[in-house]
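J.: Below is the file target15.txt, which contains compact mmCIF, C-alpha atoms.
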```
# COMPACT_ATOMS: atom_id res chain seq x y z
CA MET J 14 0.00 0.00 0.00
CA LYS J 15 2.85 2.33 0.93
CA LYS J 16 4.50 1.72 -2.44
CA VAL J 17 1.19 2.36 -4.28
CA LEU J 18 0.74 5.68 -2.45
CA LYS J 19 4.35 6.68 -3.17
CA ASP J 20 4.02 5.75 -6.85
CA THR J 21 0.71 7.66 -7.02
CA CYS J 22 2.38 10.82 -5.67
CA ILE J 23 5.31 10.52 -8.11
CA LEU J 24 3.00 9.81 -11.04
CA SER J 25 0.66 12.71 -10.20
CA ALA J 26 3.67 15.05 -9.92
CA LEU J 27 4.88 13.90 -13.36
CA MET J 28 1.37 14.34 -14.81
CA ILE J 29 1.12 17.88 -13.40
CA ILE J 30 4.56 18.82 -14.80
CA CYS J 31 3.75 17.35 -18.26
CA VAL J 32 0.26 18.90 -18.49
CA PHE J 33 1.46 22.35 -17.41
CA ALA J 34 4.61 22.13 -19.55
CA VAL J 35 2.41 21.55 -22.62
CA SER J 36 0.10 24.40 -21.49
CA VAL J 37 3.10 26.77 -21.47
CA ILE J 38 3.48 26.17 -25.23
CA TRP J 39 -0.15 27.14 -25.94
CA SER J 40 -0.88 29.87 -23.40
CA GLY J 41 2.51 30.96 -22.04
CA PHE J 42 3.22 31.45 -18.32
CA THR J 43 -0.17 32.24 -16.80
CA ALA J 44 -0.48 32.86 -13.04
CA GLU J 45 -1.68 29.26 -12.38
CA ILE J 46 1.13 27.69 -14.41
CA LEU J 47 3.69 29.90 -12.70
CA LEU J 48 2.37 28.87 -9.27
CA VAL J 49 2.79 25.17 -10.11
CA PHE J 50 6.40 25.63 -11.23
CA GLU J 51 7.14 27.82 -8.20
CA LEU J 52 5.83 25.05 -5.94
CA PHE J 53 8.07 22.51 -7.67
CA LEU J 54 11.07 24.81 -7.29
CA LEU J 55 10.24 25.34 -3.60
CA ALA J 56 9.90 21.56 -3.10
CA PHE J 57 13.31 21.06 -4.74
CA ILE J 58 15.00 23.69 -2.51
CA ILE J 59 13.40 22.17 0.61
CA SER J 60 14.44 18.64 -0.41
CA VAL J 61 18.05 19.75 -0.93
CA THR J 62 18.04 21.52 2.47
CA LEU J 63 16.62 18.44 4.25
CA PHE J 64 19.14 16.18 2.49
CA LEU J 65 22.05 18.40 3.59
CA THR J 66 20.69 18.60 7.14
CA ASP J 67 20.51 14.79 7.32
CA GLU J 68 23.97 14.49 5.82
CA TRP J 69 25.70 16.94 8.16
CA THR J 70 23.87 16.58 11.46
CA SER J 71 23.15 13.65 13.74
CA LEU J 72 20.56 15.03 16.11
CA PRO J 73 17.93 13.34 18.24
CA ILE J 74 14.58 13.05 16.45
CA ALA J 75 12.90 16.00 18.25
CA ALA J 76 15.88 18.36 17.83
CA ASP J 77 16.21 17.24 14.20
CA TYR J 78 12.60 18.23 13.50
CA ILE J 79 12.95 21.57 15.32
CA VAL J 80 16.04 22.49 13.26
CA LYS J 81 14.33 21.41 10.03
CA PHE J 82 11.12 23.25 10.99
CA PHE J 83 12.92 26.58 11.36
CA ALA J 84 15.04 25.98 8.25
CA VAL J 85 12.01 25.11 6.09
CA SER J 86 9.89 27.95 7.59
CA GLY J 87 12.68 30.39 6.71
CA ILE J 88 12.88 29.09 3.13
CA VAL J 89 9.10 29.15 2.64
CA MET J 90 8.91 32.68 4.11
CA LEU J 91 11.68 33.99 1.88
CA PHE J 92 10.32 32.22 -1.18
CA GLY J 93 6.77 33.43 -0.38
CA PHE J 94 7.89 37.07 -0.12
CA ILE J 95 9.86 36.85 -3.40
CA ALA J 96 6.99 35.09 -5.23
CA GLY J 97 4.45 37.47 -3.67
CA TRP J 98 2.37 34.69 -2.08
CA PHE J 99 1.66 36.67 1.07
CA TYR J 100 2.32 40.03 2.72
CA PRO J 101 5.14 40.47 5.24
CA SER J 102 2.52 41.16 7.95
CA ASN J 103 1.14 37.63 7.47
CA PHE J 104 4.52 35.92 7.95
CA TRP J 105 3.21 33.92 10.97
CA MET J 106 1.01 31.88 8.63
CA VAL J 107 4.15 30.11 7.37
CA PHE J 108 4.79 28.65 10.83
CA ILE J 109 1.23 27.28 10.94
CA TYR J 110 1.40 25.65 7.49
CA VAL J 111 4.91 24.25 7.95
CA GLY J 112 4.16 23.32 11.58
CA ALA J 113 1.14 21.22 10.60
CA VAL J 114 3.17 19.28 8.01
CA PHE J 115 6.09 18.77 10.42
CA ALA J 116 3.85 17.64 13.30
CA ALA J 117 2.38 14.90 11.08
CA ALA J 118 5.83 13.94 9.73
CA TYR J 119 7.32 13.81 13.27
CA PHE J 120 4.49 11.58 14.47
CA LEU J 121 4.85 9.14 11.55
CA ASP J 122 8.66 9.16 11.74
CA SER J 123 8.64 8.37 15.48
CA ILE J 124 6.41 5.33 14.91
CA LYS J 125 8.50 4.18 11.93
CA THR J 126 11.80 4.55 13.83
CA LYS J 127 10.40 2.54 16.75
CA ARG J 128 9.26 -0.23 14.38
CA ASP J 129 12.60 -0.29 12.55
CA VAL J 130 14.51 -0.62 15.84
CA GLU J 131 12.19 -3.43 16.97
CA PHE J 132 12.65 -5.24 13.64
CA ILE J 133 16.46 -5.03 13.86
CA ASN J 134 16.52 -6.21 17.48
CA GLU J 135 14.22 -9.15 16.61
CA GLN J 136 16.59 -10.12 13.80
CA ILE J 137 19.57 -9.97 16.16
CA LEU J 138 17.74 -12.22 18.64
CA SER J 139 16.77 -14.74 15.96
CA ARG J 140 20.36 -14.76 14.68
CA GLN J 141 21.61 -15.42 18.19
CA SER J 142 19.16 -18.28 18.66
CA ARG J 143 20.22 -19.77 15.29
CA LYS J 144 23.84 -19.53 16.43
CA THR J 145 23.03 -21.24 19.72
CA ASP J 146 21.18 -24.03 17.88
CA ASP J 147 24.17 -24.55 15.57
CA GLU J 148 26.57 -24.80 18.50
CA LYS J 149 24.46 -27.54 20.16
CA MET N 20 21.58 -28.93 -2.56
CA ILE N 21 23.11 -30.71 0.40
CA ILE N 22 24.45 -28.44 3.11
CA GLU N 23 26.97 -29.84 5.52
CA LYS N 24 28.78 -27.96 8.26
CA ARG N 25 31.20 -29.06 10.90
CA GLN N 26 33.35 -27.38 13.49
CA VAL N 27 37.11 -27.71 13.00
CA LYS N 28 38.85 -25.94 15.86
CA ASP N 29 41.94 -23.75 15.42
CA GLN N 30 41.57 -23.65 11.62
CA PRO N 31 40.50 -20.75 9.41
CA LEU N 32 36.97 -20.77 7.99
CA LYS N 33 36.95 -23.08 4.95
CA VAL N 34 34.19 -23.48 2.35
CA VAL N 35 34.23 -26.36 -0.14
CA VAL N 36 31.69 -26.31 -2.98
CA GLU N 37 31.12 -29.56 -4.84
CA TYR N 38 29.10 -29.38 -8.04
CA PRO N 39 28.03 -31.90 -10.65
CA GLU N 40 28.03 -29.25 -13.44
CA TRP N 41 29.22 -25.64 -13.35
CA ASP N 42 25.90 -23.82 -13.87
CA ASP N 43 24.28 -20.49 -12.96
CA SER N 44 23.37 -21.47 -9.42
CA ALA N 45 26.91 -22.72 -8.69
CA GLU N 46 28.35 -19.52 -10.13
CA ARG N 47 25.96 -17.33 -8.07
CA LEU N 48 26.84 -19.27 -4.95
CA MET N 49 30.58 -18.85 -5.57
CA HIS N 50 30.11 -15.16 -6.29
CA ARG N 51 28.20 -14.75 -3.01
CA ILE N 52 30.90 -16.57 -1.02
CA GLU N 53 33.71 -14.66 -2.72
CA SER N 54 31.98 -11.34 -2.02
CA MET N 55 31.99 -12.22 1.68
CA ASN N 56 35.67 -13.08 1.65
CA VAL N 57 36.92 -9.52 2.02
CA SER N 58 39.82 -8.26 4.07
CA LEU N 59 41.19 -4.76 4.47
CA PRO N 60 44.80 -3.64 4.87
CA GLY N 61 45.33 -1.96 8.22
CA ARG N 62 48.46 -0.07 9.21
CA THR N 63 49.93 -0.15 12.67
CA GLU N 64 53.36 1.12 13.78
CA GLY N 65 55.05 0.70 10.40
CA SER N 66 53.64 -2.69 9.46
CA THR N 67 50.58 -3.51 7.41
CA VAL N 68 48.30 -6.39 8.29
CA SER N 69 45.33 -7.88 6.49
CA ILE N 70 42.18 -7.68 8.61
CA ASP N 71 39.30 -9.98 7.87
CA ILE N 72 35.90 -8.28 7.74
CA ALA N 73 34.60 -10.56 10.50
CA GLU N 74 37.26 -9.18 12.86
CA LEU N 75 36.19 -5.60 12.31
CA TYR N 76 33.83 -4.01 14.82
CA TYR N 77 33.51 -0.61 13.24
CA ILE N 78 35.26 1.90 10.99
CA GLU N 79 35.46 5.56 11.80
CA ASN N 80 36.46 8.63 9.87
CA VAL N 81 38.15 11.11 12.19
CA GLU N 82 39.34 14.35 10.60
CA ARG N 83 39.62 12.69 7.17
CA LYS N 84 41.62 9.78 8.54
CA VAL N 85 40.02 6.34 8.46
CA PHE N 86 40.51 3.99 11.41
CA LEU N 87 39.61 0.30 11.61
CA TYR N 88 38.54 -0.97 15.03
CA THR N 89 38.80 -4.64 15.95
CA ARG N 90 37.95 -6.06 19.40
CA ASN N 91 41.19 -4.83 20.96
CA ASP N 92 43.16 -2.93 18.32
CA VAL N 93 42.94 0.13 16.11
CA TYR N 94 44.49 0.30 12.63
CA ARG N 95 44.87 3.12 10.14
CA TYR N 96 43.36 2.54 6.68
CA ASP N 97 44.84 4.29 3.64
CA GLY N 98 41.65 4.80 1.71
CA THR N 99 38.23 6.33 2.01
CA MET N 100 34.99 5.20 3.62
CA ALA N 101 33.56 4.94 0.09
CA ASP N 102 36.34 2.47 -0.88
CA ILE N 103 35.39 0.27 2.07
CA GLU N 104 31.68 0.45 1.25
CA LYS N 105 32.45 -0.58 -2.32
CA ALA N 106 34.71 -3.48 -1.31
CA ALA N 107 32.33 -4.75 1.36
CA ALA N 108 29.02 -4.30 -0.45
CA ASP N 109 27.60 -7.76 0.36
CA THR N 110 28.95 -8.12 3.87
CA GLY N 111 27.63 -7.13 7.28
CA LEU N 112 29.31 -3.74 7.10
CA VAL N 113 26.85 -0.88 6.96
CA ARG N 114 27.08 2.88 7.32
CA ILE N 115 25.38 4.12 10.47
CA SER N 116 26.35 7.80 10.36
CA ARG N 117 28.29 10.14 8.13
CA THR N 118 31.55 9.17 9.84
CA CYS N 119 30.99 5.58 10.93
CA ILE N 120 30.52 2.13 9.37
CA MET N 121 29.46 -0.67 11.71
CA ASN N 122 29.82 -4.43 11.40
CA THR N 123 26.36 -5.86 12.07
CA MET N 124 27.95 -9.23 12.84
CA HIS N 125 28.97 -7.73 16.18
CA LEU N 126 25.75 -5.82 16.83
CA ARG N 127 24.05 -6.82 20.07
CA GLU N 128 21.21 -4.30 20.20
CA ILE N 129 19.96 -0.96 18.95
CA ARG N 130 18.19 1.19 21.48
CA GLN N 131 16.46 4.50 21.60
CA ILE N 132 18.08 6.43 24.39
CA ARG N 133 17.22 9.77 26.01
CA ASN N 134 16.23 12.50 23.55
CA SER N 135 15.37 9.77 21.01
CA HIS N 136 18.99 9.31 20.02
CA LEU N 137 19.74 5.88 18.60
CA GLU N 138 22.59 3.88 20.02
CA ALA N 139 24.12 0.65 18.74
CA MET N 140 25.54 -1.64 21.39
CA LEU N 141 28.28 -3.99 20.14
CA ASP N 142 29.23 -7.32 21.69
CA ASN N 143 32.40 -5.77 23.17
CA ASP N 144 30.18 -3.23 25.05
CA GLU N 145 31.22 -0.42 22.72
CA LYS N 146 28.43 2.08 21.96
CA LEU N 147 27.98 3.89 18.64
CA ILE N 148 25.56 6.64 17.68
CA VAL N 149 23.26 5.62 14.81
CA SER N 150 21.70 8.17 12.52
CA ARG N 151 17.98 7.47 11.82
CA LYS N 152 18.67 8.04 8.15
CA TYR N 153 20.69 4.79 7.97
CA LEU N 154 18.20 2.52 9.80
CA GLN N 155 16.83 1.30 6.46
CA ASP N 156 20.33 0.22 5.37
CA ILE N 157 20.78 -1.78 8.59
CA LYS N 158 17.39 -3.43 7.99
CA LYS N 159 18.51 -4.33 4.46
CA VAL N 160 21.57 -6.18 5.82
CA PHE N 161 19.36 -8.31 8.09
CA ARG N 162 16.84 -8.95 5.31
CA ARG N 163 19.69 -10.11 3.06
CA GLU N 164 20.91 -12.42 5.85
CA ARG N 165 17.52 -14.15 5.93
CA ILE N 166 17.65 -15.05 2.22
```
Translate the structure described by the file into structure tokens.
T.:
Amino acid sequence: MKKVLKDTCILSALMIICVFAVSVIWSGFTAEILLVFELFLLAFIISVTLFLTDEWTSLPIAADYIVKFFAVSGIVMLFGFIAGWFYPSNFWMVFIYVGAVFAAAYFLDSIKTKRDVEFINEQILSRQSRKTDDEK
Amino acid sequence: MIIEKRQVKDQPLKVVVEYPEWDDSAERLMHRIESMNVSLPGRTEGSTVSIDIAELYYIENVERKVFLYTRNDVYRYDGTMADIEKAAADTGLVRISRTCIMNTMHLREIRQIRNSHLEAMLDNDEKLIVSRKYLQDIKKVFRRERI
């Protein structure tokens, strides 16, 4: 199911890019088309930032999410001001949007990490029991 | 396929493959065994010794110098972490952080400690910090072991 959802997201992203890329040829860069490409550019910048954060830091899960939350909020805020998505007086809205996404991601990541650790420890135990059986 | 194993004390690990015809499955099996038979050159006080992967506990990159840690000794390795990862692709060695590669053969437990940090406990009581990002790679090593 997870793979189907992931593939659906990738496929829908490709469909959006293709459809809007073709639309550029016919109608040029309209406001809607521009917004879609701006969102893709923002997603790319955020992905690079998160990749570099993972690569260069080794923080506990909560601290990791706090650092990423402020980094991504800063990027979205800057990008939003440049793209004219919102007025400087409404900057606090960024924290709400980014915060909601990060809260969900943190929750899911915590569960996943716990499951992964349990899986690895189970495998170590079964390996040890296999080893003990072999020695008998 | 008939699998036989027996303990022969004080002798190095020896694998004998008998085959009626050299076919794909025999070749795959040999390739798998050969890929596990990896050793790394470690330098210590002027001499270089060959260290079997099974003897390694972990490998650490400290200020661009790579060190190989066995149960009791530390050796200097004249290469990069990437070289080791390439040479030991099908073994129990796995990267657990940007600067550390761990041998899962010596892994006793992974635990979530205070502040949700992950810690790997080795069978010599050594503790290593594990980055969450590499948990999937550790899982892959254990999945491969089951096949």
J.: For chain J, report every residue with an atom at most 12 Å from chain N (counting only C-alpha atoms), formatted as an MDAnalysis selection string.
T.: chainID J and resid 63:78 119 122:141 143:144 147:149
J.: Using all atoms listed in the file, determine which residues lie at most 10 Å from stretch 79-86 of chain J, disregarding the query and same-chain residues fewer than 3 positions distant; provide the list as JSON, numbers by chain.
T.: {"J": [55, 58, 59, 60, 62, 63, 66, 67, 70, 72, 74, 75, 76, 89, 90, 91, 92, 104, 105, 106, 107, 108, 109, 110, 111, 112, 114, 115, 116, 119]}
J.: Padding 4 Å on every side, please: axis-aligned box over the listed atoms of stretch 85-95 of chain J, centre and edge lengths to one decimal in Å, as JSON.
T.:
```
{"center_x": 9.8, "center_y": 31.1, "center_z": 2.1, "size_x": 14.1, "size_y": 20.0, "size_z": 19.0}
```
J.: Please list as a PyMOL selection string every residue within 12 Å of N:Tyr88, counting all atoms listed in the file and excluding residues in the same chain fewer than 6 positions away.
T.: chain N and resi 59+61-63+70-80+94-96+119-122+125+141+143+145
J.: Which residues, written as a list in words, have at least one atom at most 10 Å from J:Val49, with all atoms listed in the file counted and residues fewer than 6 positions away on the same chain left out?
T.: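 Result of the neighbour search: Ile29, Ile30, Phe33 and Leu55 of chain J.
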J.: Which residue gives the smallest distance to N:Val35 among N:Asn91, N:Met140, N:Ile22, N:Arg47, with all atoms listed in the file counted?
T.: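 Ranked by minimum distance to N:Val35, first place goes to N:Ile22.
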